[in-house]
Amino acid sequence: MRAAASVLVTMATAVLACSREPEAPPAPVWERVQADATLEEGRKVFVGTCRRCHAYGLEGAPRVGDAEVWRARVAGRPEEALIQSALTGVEGKAGGEMPARGGNEKLSDREVALAVRFMLAASR
Ligand code: HEC
């Protein structure tokens with residue numbers, strides 16, 4: 001009987017503790033994108049290689065999810081031009097650098113292209 005009571009007390013304490021916890025922050029934008037199979041592949045590449053700089057705009061990297069910044073970059077340029085930059089790298093004007101293939105030489109052309117498509121989809 002005593003054991004049962006102590007289980008009840010433990011449960012009640014757990015429930016109280018939970019209800020007092022602050023709300024979890026929203027998931028980052030790259031986790032919220034609705035993705036088909038192709039975009040899903042791009043998301044994996046993004047998380048594995050590109051997120052490091054593009055999640056929070058490290059070294060002036062355009063931040064994923066910042067629609068305004070990406071709109072300005074895309075303006076009048078075909079998607080291919082952005083993919084090309086990601087493949088060859090860009091010497092950033094603000095001192096930051098976009099390394100070729102995000103610094104991951106193991107990525108194929110296709111994987112880099114999918115990551116760019118994913119980043120654009122996450123930044124509309
Ligand atoms: C070490 C940090 C870093 C990593 C890792 C990184 N980037 Fe970047 N990226 C940058 C910076 C900095 C810029 C901005 C360069 C500039 O000023 O134009 C940039 C710009 C870009 C652009 C815009 C290029 C343009 O022509 O406007 C694309 C697209 C891009 N990155 C894709 C990627 C992809 C895809 C990956 C992963 C495979 C990746 N980046 C990984 C730092 C990074």
# chains A, B, ... in the order shown; residues from 1 in each chain; ligands from 1
>>> residues_near_ligand(ligand="ligand 1", cutoff="9 Å", atoms="only C-alpha atoms and all ligand atoms", output="MDAnalysis selection string")
chainID A and resid 42 45:54 57:63 70 72:74 77 79 81:87 89:104 107 111:120
>>> select_by_dssp(residues="chain A", states="alpha helix (DSSP H)", output="PyMOL selection string")
chain A and resi 2-20+29-32+37-45+51-54+67-74+79-88+109-121
>>> residues_around(residues="A:Val29", least_positions_apart="2", cutoff="8 Å", atoms="only C-alpha atoms", output="list in words")
Ala27, Glu31, Arg32, Val33, Val64, Gly65 and Ala122 of chain A
>>> write_last_selection(atoms="C-alpha atoms", output="PDB file, in the first residue's frame")
ATOM      1  CA  ALA A  27      12.015  24.029 -34.121  1.00  0.00           C
ATOM      2  CA  GLU A  31      13.439  21.147 -39.471  1.00  0.00           C
ATOM      3  CA  ARG A  32      10.077  22.635 -40.359  1.00  0.00           C
ATOM      4  CA  VAL A  33      10.349  22.512 -44.169  1.00  0.00           C
ATOM      5  CA  VAL A  64      18.584  29.999 -44.052  1.00  0.00           C
ATOM      6  CA  GLY A  65      15.023  31.116 -43.387  1.00  0.00           C
ATOM      7  CA  ALA A 122      13.565  26.899 -46.557  1.00  0.00           C
TER       8      ALA A 122
END
>>> select_by_dssp(residues="chain A", states="strand (DSSP E)", output="PyMOL selection string")
chain A and resi 90-91+97-98
>>> write_last_selection(atoms="C-alpha atoms", output="PDB file, in the first residue's frame")
ATOM      1  CA  VAL A  90      32.778  32.577 -53.110  1.00  0.00           C
ATOM      2  CA  GLU A  91      35.208  35.099 -51.697  1.00  0.00           C
ATOM      3  CA  GLU A  97      34.242  32.980 -47.268  1.00  0.00           C
ATOM      4  CA  MET A  98      32.006  30.397 -48.865  1.00  0.00           C
TER       5      MET A  98
END
>>> atom_distance(atom1="atom CA of A:Pro22", atom2="atom CA of A:Ser123")
27.9 Å
